[in-house]
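Everything below belongs to protein01.txt, which stores compact mmCIF, C-alpha atoms and all ligand atoms.
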```
# COMPACT_ATOMS: atom_id res chain seq x y z
CA MET A 191 -21.65 -14.85 -17.33
CA THR A 192 -22.51 -13.36 -13.94
CA SER A 193 -19.96 -12.74 -11.19
CA SER A 194 -21.25 -15.86 -9.44
CA ASN A 195 -20.77 -18.07 -12.51
CA LEU A 196 -17.34 -16.55 -13.09
CA PHE A 197 -16.33 -17.17 -9.48
CA GLU A 198 -17.46 -20.80 -9.72
CA ARG A 199 -15.34 -21.17 -12.84
CA ALA A 200 -12.33 -19.37 -11.30
CA GLN A 201 -12.42 -21.56 -8.19
CA LYS A 202 -11.91 -24.61 -10.39
CA VAL A 203 -8.58 -23.39 -11.71
CA MET A 204 -7.13 -21.00 -9.08
CA PRO A 205 -6.74 -21.37 -5.29
CA GLY A 206 -9.78 -19.63 -3.83
CA GLY A 207 -10.61 -18.44 -7.34
CA VAL A 208 -8.21 -15.52 -6.98
CA ASN A 209 -4.67 -14.44 -7.74
CA SER A 210 -4.30 -12.63 -4.45
CA PRO A 211 -6.03 -13.79 -1.24
CA VAL A 212 -7.54 -10.53 -0.09
CA ARG A 213 -9.63 -10.34 -3.28
CA ALA A 214 -11.62 -13.41 -2.25
CA PHE A 215 -13.97 -11.55 0.14
CA ASN A 216 -13.34 -14.30 2.75
CA SER A 217 -13.19 -11.91 5.68
CA VAL A 218 -16.34 -10.00 4.65
CA GLY A 219 -18.39 -12.94 3.41
CA GLY A 220 -20.24 -13.34 0.16
CA GLU A 221 -18.66 -13.77 -3.24
CA PRO A 222 -16.39 -11.29 -5.01
CA VAL A 223 -17.89 -9.18 -7.75
CA PHE A 224 -16.13 -9.61 -11.07
CA ILE A 225 -15.03 -6.35 -12.61
CA LYS A 226 -15.67 -5.72 -16.27
CA SER A 227 -14.19 -2.23 -16.55
CA ALA A 228 -13.29 0.89 -14.61
CA LYS A 229 -13.14 4.62 -15.32
CA GLY A 230 -12.31 7.55 -13.06
CA ALA A 231 -13.71 6.83 -9.58
CA PHE A 232 -15.96 4.03 -10.79
CA LEU A 233 -15.90 0.26 -11.18
CA TYR A 234 -18.34 -1.61 -13.42
CA ASP A 235 -19.00 -5.27 -12.64
CA LYS A 236 -20.15 -8.11 -14.88
CA ASP A 237 -23.66 -7.87 -13.44
CA GLY A 238 -24.30 -4.35 -14.70
CA ASN A 239 -23.53 -2.52 -11.43
CA GLU A 240 -21.58 0.73 -11.08
CA TYR A 241 -19.65 1.29 -7.86
CA ILE A 242 -17.83 4.26 -6.40
CA ASP A 243 -14.40 2.74 -5.77
CA TYR A 244 -12.33 3.42 -2.62
CA MET A 245 -10.15 0.34 -2.95
CA MET A 246 -8.60 1.73 -6.15
CA SER A 247 -6.57 -1.39 -6.93
CA TRP A 248 -4.92 -1.16 -3.45
CA GLY A 249 -3.27 2.17 -4.12
CA PRO A 250 -1.67 2.60 -7.58
CA LEU A 251 -4.51 4.64 -9.14
CA ILE A 252 -4.05 8.08 -7.57
CA ALA A 253 -5.00 9.52 -10.98
CA GLY A 254 -8.18 7.44 -11.11
CA HIS A 255 -9.01 4.46 -13.29
CA ALA A 256 -8.04 4.63 -16.99
CA ARG A 257 -6.91 8.27 -17.04
CA ALA A 258 -6.60 9.19 -20.70
CA GLU A 259 -3.00 10.42 -20.69
CA ILE A 260 -1.82 7.24 -18.96
CA ILE A 261 -3.79 4.96 -21.26
CA ASP A 262 -2.45 6.84 -24.29
CA ALA A 263 1.14 6.46 -23.05
CA VAL A 264 0.59 2.72 -22.52
CA LYS A 265 -0.99 2.30 -25.96
CA GLN A 266 1.91 4.11 -27.58
CA ALA A 267 4.44 1.95 -25.73
CA CYS A 268 2.56 -1.23 -26.69
CA ASN A 269 2.75 -0.29 -30.35
CA ASN A 270 6.54 -0.34 -30.03
CA GLY A 271 6.59 -3.79 -28.46
CA LEU A 272 5.63 -5.20 -25.06
CA SER A 273 9.03 -6.24 -23.75
CA PHE A 274 12.62 -6.14 -24.93
CA GLY A 275 14.65 -7.73 -22.14
CA ALA A 276 17.18 -5.14 -23.17
CA CYS A 277 18.02 -1.53 -22.28
CA HIS A 278 15.60 1.17 -23.34
CA GLU A 279 15.20 4.88 -22.66
CA ALA A 280 12.08 4.81 -20.51
CA GLU A 281 13.88 2.99 -17.67
CA ALA A 282 16.20 5.93 -17.02
CA GLU A 283 13.38 8.44 -17.56
CA LEU A 284 11.28 6.79 -14.85
CA ALA A 285 14.28 6.45 -12.53
CA GLU A 286 15.13 10.14 -13.02
CA LEU A 287 11.55 11.19 -12.18
CA ILE A 288 11.66 9.14 -8.96
CA ILE A 289 15.14 10.34 -7.96
CA THR A 290 14.24 13.99 -8.60
CA ALA A 291 11.22 13.59 -6.32
CA MET A 292 13.13 11.62 -3.68
CA PRO A 293 16.78 12.81 -3.69
CA HIS A 294 17.69 10.43 -0.85
CA ILE A 295 17.45 7.84 -3.59
CA GLU A 296 20.62 8.35 -5.63
CA LYS A 297 20.28 5.15 -7.66
CA LEU A 298 17.48 2.63 -7.99
CA ARG A 299 16.66 -0.71 -9.55
CA MET A 300 13.27 -1.35 -11.15
CA VAL A 301 11.53 -4.65 -10.37
CA SER A 302 7.99 -5.92 -11.06
CA SER A 303 6.32 -5.80 -7.64
CA GLY A 304 6.59 -4.42 -4.15
CA THR A 305 7.52 -7.87 -2.89
CA GLU A 306 10.52 -7.99 -5.22
CA ALA A 307 11.52 -4.51 -4.08
CA THR A 308 11.48 -5.33 -0.36
CA MET A 309 13.11 -8.74 -0.65
CA SER A 310 15.92 -7.20 -2.74
CA ALA A 311 16.37 -4.29 -0.33
CA LEU A 312 16.67 -6.76 2.55
CA ARG A 313 19.30 -8.80 0.69
CA LEU A 314 21.25 -5.61 0.00
CA ALA A 315 21.04 -4.49 3.64
CA ARG A 316 22.36 -7.87 4.79
CA ALA A 317 25.22 -7.72 2.28
CA ALA A 318 26.09 -4.12 3.15
CA THR A 319 26.20 -4.72 6.91
CA GLY A 320 27.36 -8.34 7.00
CA LYS A 321 24.53 -8.99 9.47
CA ASN A 322 21.56 -11.34 9.13
CA LYS A 323 18.65 -10.15 11.24
CA VAL A 324 15.85 -7.81 10.24
CA ILE A 325 13.40 -5.97 12.47
CA LYS A 326 9.86 -5.60 11.14
CA PHE A 327 6.70 -4.49 12.90
CA ASN A 328 3.68 -6.56 13.85
CA GLY A 329 0.88 -5.71 11.46
CA CYS A 330 3.14 -4.23 8.82
CA TYR A 331 3.21 -5.98 5.47
CA HIS A 332 6.10 -5.90 3.03
CA GLY A 333 4.94 -8.46 0.47
CA HIS A 334 5.11 -12.22 0.66
CA ALA A 335 8.85 -12.99 0.75
CA ASP A 336 9.61 -15.51 3.51
CA SER A 337 11.42 -13.06 5.77
CA PHE A 338 8.39 -10.79 5.94
CA LEU A 339 5.64 -13.35 6.55
CA ILE A 340 6.20 -13.17 10.28
CA ASN A 341 3.37 -11.37 12.11
CA ALA A 342 2.52 -9.72 8.80
CA GLY A 343 -0.41 -7.46 8.08
CA SER A 344 -2.76 -7.05 5.09
CA GLY A 345 -4.07 -10.32 3.72
CA ALA A 346 -1.83 -12.38 6.03
CA LEU A 347 -3.57 -10.78 9.02
CA THR A 348 -7.00 -10.82 7.38
CA HIS A 349 -6.76 -14.52 6.62
CA GLY A 350 -5.37 -15.39 10.04
CA THR A 351 -1.93 -16.44 8.78
CA PRO A 352 0.29 -13.59 10.02
CA SER A 353 3.10 -16.13 10.13
CA SER A 354 2.68 -18.40 7.14
CA PRO A 355 3.27 -22.15 6.97
CA GLY A 356 6.13 -22.93 4.60
CA VAL A 357 8.40 -20.26 6.05
CA THR A 358 11.34 -22.18 7.49
CA PRO A 359 12.45 -21.81 11.11
CA GLY A 360 15.74 -20.54 9.71
CA ALA A 361 14.08 -17.70 7.81
CA ALA A 362 11.82 -16.92 10.75
CA ALA A 363 14.75 -16.88 13.18
CA ASP A 364 16.32 -13.95 11.36
CA THR A 365 13.14 -11.89 11.50
CA LEU A 366 12.54 -9.99 14.74
CA SER A 367 9.13 -8.43 15.47
CA ALA A 368 8.63 -5.09 17.19
CA GLU A 369 5.58 -2.95 17.92
CA TYR A 370 4.80 -0.01 15.64
CA ASN A 371 4.93 3.32 17.55
CA LYS A 372 6.70 1.64 20.47
CA LEU A 373 10.41 2.53 20.20
CA GLU A 374 11.21 0.66 23.40
CA THR A 375 10.37 -2.65 21.70
CA VAL A 376 12.92 -1.86 18.98
CA GLU A 377 15.61 -0.79 21.45
CA LYS A 378 15.09 -4.06 23.36
CA LEU A 379 15.72 -6.09 20.18
CA PHE A 380 18.97 -4.25 19.50
CA THR A 381 20.06 -4.92 23.09
CA GLU A 382 19.15 -8.60 22.84
CA ASN A 383 20.81 -9.04 19.43
CA PRO A 384 24.01 -6.98 19.62
CA ASN A 385 25.71 -6.45 16.28
CA GLU A 386 23.36 -8.93 14.52
CA ILE A 387 20.70 -6.65 13.06
CA ALA A 388 21.19 -5.63 9.44
CA CYS A 389 18.20 -3.33 9.17
CA ILE A 390 14.81 -2.14 10.26
CA ILE A 391 12.10 -2.22 7.61
CA VAL A 392 9.06 -0.09 8.33
CA GLU A 393 6.05 1.29 6.54
CA PRO A 394 6.63 4.95 7.54
CA VAL A 395 2.85 5.24 7.60
CA ALA A 396 1.41 1.79 8.26
CA GLY A 397 -1.23 0.87 5.68
CA ASN A 398 -1.58 -2.86 6.25
CA MET A 399 -3.16 -2.96 9.68
CA GLY A 400 -5.49 -0.30 8.43
CA LEU A 401 -3.93 3.19 8.24
CA VAL A 402 -1.89 3.90 11.38
CA LEU A 403 0.23 7.04 11.51
CA PRO A 404 3.69 7.30 13.10
CA GLU A 405 3.57 9.10 16.43
CA GLU A 406 5.82 12.12 17.01
CA GLY A 407 9.44 10.98 17.19
CA PHE A 408 8.85 7.38 16.20
CA LEU A 409 10.48 7.49 12.77
CA GLN A 410 13.34 9.69 13.96
CA GLY A 411 13.79 7.26 16.84
CA LEU A 412 14.21 4.42 14.35
CA ARG A 413 16.73 6.50 12.45
CA ASP A 414 18.72 7.14 15.64
CA LEU A 415 18.62 3.47 16.68
CA CYS A 416 19.90 2.40 13.26
CA ASP A 417 22.73 4.92 13.43
CA ALA A 418 23.66 3.87 16.97
CA ASN A 419 23.73 0.19 15.98
CA SER A 420 25.24 0.42 12.47
CA ALA A 421 22.03 -0.89 10.92
CA LEU A 422 20.22 0.38 7.83
CA LEU A 423 16.77 1.95 7.86
CA ILE A 424 14.49 0.79 5.04
CA PHE A 425 11.32 2.81 4.39
CA ASP A 426 8.81 0.61 2.64
CA GLU A 427 6.98 3.31 0.67
CA VAL A 428 5.14 0.92 -1.64
CA ILE A 429 1.89 2.52 -0.46
CA THR A 430 3.06 5.95 0.70
CA GLY A 431 5.45 6.71 -2.17
CA PHE A 432 3.81 9.46 -4.30
CA ARG A 433 0.59 8.84 -2.32
CA VAL A 434 1.09 11.00 0.78
CA GLY A 435 3.09 13.57 -1.21
CA PHE A 436 5.36 13.76 -4.25
CA GLY A 437 8.39 13.17 -2.02
CA GLY A 438 6.75 10.36 -0.06
CA ALA A 439 6.62 9.96 3.71
CA ALA A 440 10.37 10.62 4.06
CA LYS A 441 9.78 14.22 2.98
CA ILE A 442 6.65 14.72 5.07
CA PHE A 443 8.19 13.35 8.27
CA LYS A 444 11.70 14.68 7.51
CA VAL A 445 13.44 11.38 8.22
CA THR A 446 15.92 10.02 5.68
CA PRO A 447 16.05 6.25 5.18
CA ASP A 448 19.10 4.43 3.80
CA LEU A 449 16.98 2.44 1.38
CA THR A 450 13.48 2.98 0.04
CA THR A 451 11.12 0.51 -1.60
CA LEU A 452 8.40 1.63 -3.99
CA GLY A 453 5.58 0.08 -6.00
CA LYS A 454 1.94 0.74 -6.89
CA ILE A 455 1.84 4.40 -8.04
CA ILE A 456 5.24 4.23 -9.83
CA GLY A 457 3.66 1.68 -12.15
CA GLY A 458 0.43 3.64 -12.57
CA GLY A 459 -1.53 0.38 -12.47
CA MET A 460 1.00 -1.72 -14.37
CA PRO A 461 3.33 -4.24 -12.60
CA ALA A 462 6.25 -2.25 -11.20
CA GLY A 463 8.32 -1.85 -8.07
CA ALA A 464 11.69 -0.33 -7.26
CA TYR A 465 14.27 -0.19 -4.52
CA GLY A 466 16.89 2.50 -4.18
CA GLY A 467 19.13 4.52 -1.95
CA ARG A 468 22.60 5.91 -1.59
CA LYS A 469 24.96 5.29 -4.50
CA GLU A 470 27.50 3.32 -2.47
CA LEU A 471 24.77 0.92 -1.39
CA MET A 472 23.10 0.51 -4.77
CA GLU A 473 26.44 -0.03 -6.52
CA MET A 474 26.75 -3.24 -4.53
CA ILE A 475 23.99 -4.63 -6.78
CA SER A 476 24.99 -6.79 -9.75
CA PRO A 477 26.40 -6.20 -12.32
CA CYS A 478 28.49 -3.46 -10.67
CA GLY A 479 28.52 -5.27 -7.34
CA ALA A 480 28.22 -8.80 -6.09
CA VAL A 481 24.69 -8.72 -4.69
CA TYR A 482 22.61 -10.58 -7.21
CA GLN A 483 19.10 -9.54 -8.21
CA ALA A 484 17.46 -9.85 -11.62
CA GLY A 485 14.10 -9.95 -13.41
CA THR A 486 12.83 -10.77 -16.88
CA LEU A 487 10.31 -7.95 -16.90
CA SER A 488 12.12 -5.49 -14.62
CA GLY A 489 11.83 -2.02 -16.14
CA ASN A 490 9.33 -3.30 -18.68
CA PRO A 491 8.72 -0.58 -21.33
CA VAL A 492 4.93 -0.65 -21.00
CA ALA A 493 5.06 -0.50 -17.20
CA CYS A 494 7.62 2.31 -17.40
CA ALA A 495 5.37 4.24 -19.78
CA ALA A 496 2.47 4.01 -17.32
CA GLY A 497 4.72 5.03 -14.44
CA ILE A 498 6.25 7.96 -16.31
CA ALA A 499 2.83 9.26 -17.37
CA THR A 500 1.55 8.94 -13.79
CA LEU A 501 4.51 10.68 -12.16
CA LYS A 502 4.51 13.46 -14.76
CA TYR A 503 0.77 13.91 -14.11
CA LEU A 504 1.49 14.23 -10.37
CA ARG A 505 4.54 16.44 -10.86
CA ASP A 506 2.75 18.87 -13.17
CA ARG A 507 -0.72 18.84 -11.64
CA LYS A 508 0.42 18.94 -7.99
CA PRO A 509 -2.89 17.43 -6.75
CA TYR A 510 -1.94 16.77 -3.13
CA GLU A 511 -3.63 19.75 -1.48
CA GLU A 512 -6.78 19.08 -3.50
CA LEU A 513 -6.68 15.38 -2.59
CA ASP A 514 -6.15 16.25 1.07
CA ASN A 515 -9.11 18.64 1.09
CA ARG A 516 -11.37 16.18 -0.73
CA CYS A 517 -10.47 13.33 1.60
CA LEU A 518 -10.94 15.61 4.62
CA LEU A 519 -14.44 16.45 3.32
CA LEU A 520 -15.20 12.77 2.80
CA CYS A 521 -13.96 11.65 6.21
CA ALA A 522 -15.79 14.50 7.94
CA GLY A 523 -19.04 13.42 6.31
CA LEU A 524 -18.50 9.73 7.03
CA SER A 525 -17.59 10.55 10.64
CA GLU A 526 -20.73 12.66 11.09
CA ASN A 527 -22.89 9.77 9.94
CA LEU A 528 -21.06 7.34 12.22
CA ALA A 529 -21.32 9.73 15.17
CA ASN A 530 -25.10 9.49 14.83
CA THR A 531 -24.99 5.75 15.47
CA PRO A 532 -24.33 3.76 18.65
CA LEU A 533 -21.31 2.14 17.00
CA LYS A 534 -17.76 2.30 18.37
CA TRP A 535 -15.42 3.45 15.61
CA CYS A 536 -12.46 5.68 14.80
CA ILE A 537 -10.91 6.97 11.60
CA ASN A 538 -7.28 7.57 10.64
CA ARG A 539 -6.40 9.65 7.60
CA LEU A 540 -3.32 11.05 5.91
CA GLY A 541 -3.83 12.90 2.66
CA SER A 542 -5.87 10.73 0.28
CA ALA A 543 -5.63 7.52 2.34
CA PHE A 544 -7.84 6.59 5.29
CA THR A 545 -9.25 3.70 7.30
CA ILE A 546 -12.39 3.50 9.41
CA PHE A 547 -11.82 1.06 12.28
CA PHE A 548 -14.88 -0.60 13.84
CA GLY A 549 -15.22 -1.63 17.47
CA ILE A 550 -12.34 0.53 18.72
CA GLU A 551 -11.97 4.24 19.43
CA LYS A 552 -8.21 4.57 18.97
CA ALA A 553 -5.89 3.00 16.39
CA THR A 554 -2.27 3.93 17.07
CA THR A 555 -0.73 0.52 17.79
CA PHE A 556 -1.11 -3.03 16.53
CA SER A 557 -2.45 -4.19 19.88
CA GLU A 558 -5.22 -1.57 19.68
CA VAL A 559 -6.00 -2.46 16.06
CA SER A 560 -6.09 -6.17 16.95
CA LYS A 561 -9.24 -5.47 18.96
CA VAL A 562 -11.27 -4.31 15.95
CA ASP A 563 -14.68 -5.85 15.34
CA THR A 564 -14.08 -7.60 12.02
CA ALA A 565 -17.64 -8.94 11.97
CA LEU A 566 -18.98 -5.40 12.17
CA TYR A 567 -16.58 -4.33 9.43
CA ALA A 568 -17.95 -7.16 7.28
CA LYS A 569 -21.50 -5.90 7.87
CA TYR A 570 -20.42 -2.36 6.99
CA PHE A 571 -18.58 -3.53 3.88
CA ASN A 572 -21.63 -5.40 2.59
CA ALA A 573 -24.02 -2.58 3.44
CA MET A 574 -21.81 -0.17 1.50
CA LEU A 575 -21.54 -2.64 -1.37
CA GLY A 576 -25.33 -2.72 -1.35
CA GLN A 577 -25.25 1.05 -1.80
CA LYS A 578 -22.77 0.54 -4.65
CA VAL A 579 -19.71 1.76 -2.80
CA TYR A 580 -16.74 -0.60 -3.18
CA LEU A 581 -14.42 -0.66 -0.13
CA PRO A 582 -11.38 -2.84 0.57
CA PRO A 583 -12.86 -6.29 1.39
CA ALA A 584 -10.87 -6.42 4.65
CA GLN A 585 -10.60 -4.27 7.76
CA PHE A 586 -6.79 -4.25 7.78
CA GLU A 587 -6.42 -2.15 4.65
CA ALA A 588 -6.36 1.48 3.58
CA ASN A 589 -8.99 3.23 1.48
CA PHE A 590 -7.83 5.58 -1.26
CA ILE A 591 -9.33 8.46 -3.17
CA SER A 592 -8.04 9.72 -6.50
CA THR A 593 -8.17 12.96 -8.47
CA SER A 594 -11.22 11.42 -10.17
CA HIS A 595 -13.16 11.48 -6.86
CA LYS A 596 -14.80 14.84 -7.60
CA PRO A 597 -16.71 16.73 -4.88
CA GLU A 598 -20.03 15.42 -6.18
CA VAL A 599 -18.73 11.85 -5.85
CA ILE A 600 -17.64 12.59 -2.28
CA VAL A 601 -21.05 14.03 -1.37
CA ASP A 602 -22.83 11.10 -3.02
CA THR A 603 -20.67 8.67 -1.02
CA ILE A 604 -21.63 10.34 2.25
CA HIS A 605 -25.33 10.02 1.36
CA ARG A 606 -24.89 6.38 0.38
CA GLN A 607 -23.05 5.61 3.63
CA LYS A 608 -25.92 7.11 5.63
CA LYS A 609 -28.33 4.71 3.91
CA ALA A 610 -25.91 1.83 4.43
CA LEU A 611 -25.61 2.53 8.14
CA ASN A 612 -29.40 2.59 8.46
CA THR A 613 -29.47 -1.00 7.25
CA ILE A 614 -27.06 -2.26 9.92
CA ILE A 615 -28.09 -0.23 12.98
P1 LIG A 701 3.15 -6.30 -4.09
O1 LIG A 701 4.12 -7.48 -4.14
O2 LIG A 701 1.75 -6.76 -3.72
O3 LIG A 701 3.20 -5.44 -5.34
O4 LIG A 701 3.65 -5.33 -2.92
C1 LIG A 701 3.82 -5.85 -1.63
C2 LIG A 701 3.71 -4.72 -0.63
C3 LIG A 701 4.87 -4.23 -0.06
N1 LIG A 701 4.82 -3.21 0.84
C4 LIG A 701 3.65 -2.65 1.20
C5 LIG A 701 3.65 -1.54 2.20
C6 LIG A 701 2.43 -3.13 0.64
O5 LIG A 701 1.26 -2.57 1.04
C7 LIG A 701 2.46 -4.17 -0.29
C8 LIG A 701 1.20 -4.75 -0.90
N2 LIG A 701 -0.04 -4.18 -0.47
C9 LIG A 701 -1.19 -5.05 -0.51
C10 LIG A 701 -2.41 -4.30 0.01
N3 LIG A 701 -2.27 -3.85 1.33
C11 LIG A 701 -1.43 -5.61 -1.86
C12 LIG A 701 -2.79 -6.22 -2.09
C13 LIG A 701 -2.72 -7.71 -2.24
O6 LIG A 701 -1.90 -8.35 -1.53
O7 LIG A 701 -3.50 -8.22 -3.06
```

Re-express the file's structure as structure tokens.
Amino acid sequence: MTSSNLFERAQKVMPGGVNSPVRAFNSVGGEPVFIKSAKGAFLYDKDGNEYIDYMMSWGPLIAGHARAEIIDAVKQACNNGLSFGACHEAEAELAELIITAMPHIEKLRMVSSGTEATMSALRLARAATGKNKVIKFNGCYHGHADSFLINAGSGALTHGTPSSPGVTPGAAADTLSAEYNKLETVEKLFTENPNEIACIIVEPVAGNMGLVLPEEGFLQGLRDLCDANSALLIFDEVITGFRVGFGGAAKIFKVTPDLTTLGKIIGGGMPAGAYGGRKELMEMISPCGAVYQAGTLSGNPVACAAGIATLKYLRDRKPYEELDNRCLLLCAGLSENLANTPLKWCINRLGSAFTIFFGIEKATTFSEVSKVDTALYAKYFNAMLGQKVYLPPAQFEANFISTSHKPEVIVDTIHRQKKALNTII
């Protein structure tokens, strides 16, 4: 069956034919390609096409698709059983790897997605402070729990539902929205809601409005505001954890959160998330504390095996300088091509993650990003797809490279982009 036949079939049994909205290609037009397999930096669709992949499953695959040592670890774990619903050694091994890399996490709880991690961290912050309100940032995305679907980024922004129907006024009332990189908007909320704010949750590097970096002093400013108002600071490192460095954004920007949420890379492509922080906070979580949170497949042995193999690969190979150099090379080449067109664009990059914004020349705040030319992005996406380069099918996302994106793949991508641009200029 071709991708088109498969999509027709999928639409009969799943909303939009997908299990996550942003996969539907709605904001870029056309129909999604159906993937048959993937290896290294490449995707292979059901229609016989090979693509260079920069979406990389939205971030988990920093080691590339189907890296042998990760596949082998998963196969071995599968042979011992897929799930126990009971304690097993790999849970502590994965937790120890994470805690060694991020010592501001003294204890953590494994869950099965980033959404579970952030919703649990929020519950814990509310219990620990006895306060109800949470500050999040317009354009930031923390998964689809009710509290976070207020002015959310990623697919919620892409599909025009930043504040989703079905979220009750009660839930929405406890979520306050601030502007990323604008500390004054956070300070104002603390002034207007004295002693009511349990926490700030922030993507330390925003990935869900496209990649937007924290300006000098922004993250430290959030830290100071939390300390001054007895609120907790939650770093949502679902994207940035083990992506921007082995110690995450907290280490790079030298700001210590009270709680951290993780996902994506810690599962190595398998369903996994985690939340963690200081011992006295985490010991409020059941069964040692009263804050309830649970999950049938939390700490699943197969997911833990993939996560352990991925983190050991990163710990031992130390690929971050190489990834940074490769992505710098890529973005320089892509920028040179774009500079030779009449288009308005800008590019943000940190390490192996980047976003090209179309229609704007600066992307440091949500209000700037809101002015992007999504129609032009759609044209660019399809032109690149035509050159067999697979990008995120939405402007408000980050692109990722992996250790499988060898220099020759980078150079080839730059050549393919040049051809793609010639078809839309
Ligand atoms: P999941 O529930 O999708 O595992 O994680 C939610 C989440 C939490 N925090 C951050 C910073 C995230 O980026 C995400 C999920 N990221 C999106 C892509 N931007 C997932 C892709 C999708 O929704 O299909």

Selection as number ranges by chain: residues within 9 Å of ligand LIG 701 (chain A) by all atoms listed in the file: A: 209-213, 247-249, 302-308, 330-335, 343-346, 392-400, 426-430, 451-454, 461-463, 586-588

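If only C-alpha atoms are the atoms counted, then among A:Gly329, A:Pro359, A:Gly320, A:Gly238 the closest residue to Glu558 of chain A is A:Gly329.
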
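Nearest-residue note for Thr375 of chain A: choosing from A:Leu339, A:Ile325, A:Leu487, A:Ala522, the minimum distance belongs to A:Ile325, counting only C-alpha atoms.
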
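Across the model, the gap from atom CA of Ser310 of chain A to atom CA of Lys378 of chain A is 26.3 Å.
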
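In this structure, atom CA of His595 of chain A sits 7.7 Å away from atom CA of Gly254 of chain A.
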
For Thr358 of chain A: contacts at 10 Å, only C-alpha atoms, fewer than 4 positions along chain excluded, given as a list in words: Asp336, Ser337, Ser354, Ala362 and Ala363 of chain A

Length of the atom CA of Ala610 of chain A to atom CA of Leu581 of chain A vector [Å]: 12.6 Å

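Between Leu471 of chain A and the candidates A:Ala318, A:Val301, A:Val559, A:Ile260, the tightest atom-to-atom separation, counting all atoms listed in the file, involves A:Ala318.
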
Quick one: segment 334-349 of chain A with N, CA and C atoms, as a compact mmCIF listing (two decimals), in the first residue's frame?
```txt
# COMPACT_ATOMS: atom_id res chain seq x y z
N HIS A 334 0.20 17.72 27.00
CA HIS A 334 -1.22 18.05 26.82
C HIS A 334 -2.07 17.95 28.08
N ALA A 335 -1.46 18.01 29.26
CA ALA A 335 -2.27 18.05 30.49
C ALA A 335 -3.04 19.38 30.51
N ASP A 336 -4.24 19.35 31.09
CA ASP A 336 -5.12 20.54 31.04
C ASP A 336 -4.41 21.83 31.42
N SER A 337 -3.65 21.79 32.51
CA SER A 337 -3.05 23.03 33.02
C SER A 337 -2.11 23.69 32.02
N PHE A 338 -1.62 22.89 31.07
CA PHE A 338 -0.59 23.45 30.17
C PHE A 338 -1.15 23.83 28.80
N LEU A 339 -2.43 23.48 28.55
CA LEU A 339 -2.99 23.80 27.23
C LEU A 339 -3.60 25.20 27.22
N ILE A 340 -2.85 26.11 27.78
CA ILE A 340 -3.24 27.53 27.79
C ILE A 340 -2.11 28.27 27.06
N ASN A 341 -2.46 28.84 25.90
CA ASN A 341 -1.42 29.54 25.10
C ASN A 341 -0.20 28.66 24.86
N ALA A 342 -0.48 27.40 24.53
CA ALA A 342 0.61 26.42 24.39
C ALA A 342 1.23 26.48 23.00
N GLY A 343 2.42 25.96 22.90
CA GLY A 343 3.15 25.94 21.63
C GLY A 343 3.01 24.61 20.93
N SER A 344 4.00 24.28 20.09
CA SER A 344 4.04 23.03 19.34
C SER A 344 2.74 22.84 18.54
N GLY A 345 2.21 21.63 18.59
CA GLY A 345 1.03 21.33 17.79
C GLY A 345 -0.17 22.19 18.15
N ALA A 346 -0.26 22.59 19.45
CA ALA A 346 -1.41 23.41 19.86
C ALA A 346 -1.38 24.74 19.11
N LEU A 347 -0.17 25.27 18.95
CA LEU A 347 0.00 26.55 18.24
C LEU A 347 -0.20 26.32 16.74
N THR A 348 0.44 25.25 16.26
CA THR A 348 0.38 24.93 14.82
C THR A 348 -1.06 24.75 14.36
N HIS A 349 -1.84 24.09 15.19
CA HIS A 349 -3.23 23.80 14.78
C HIS A 349 -4.21 24.86 15.25
```
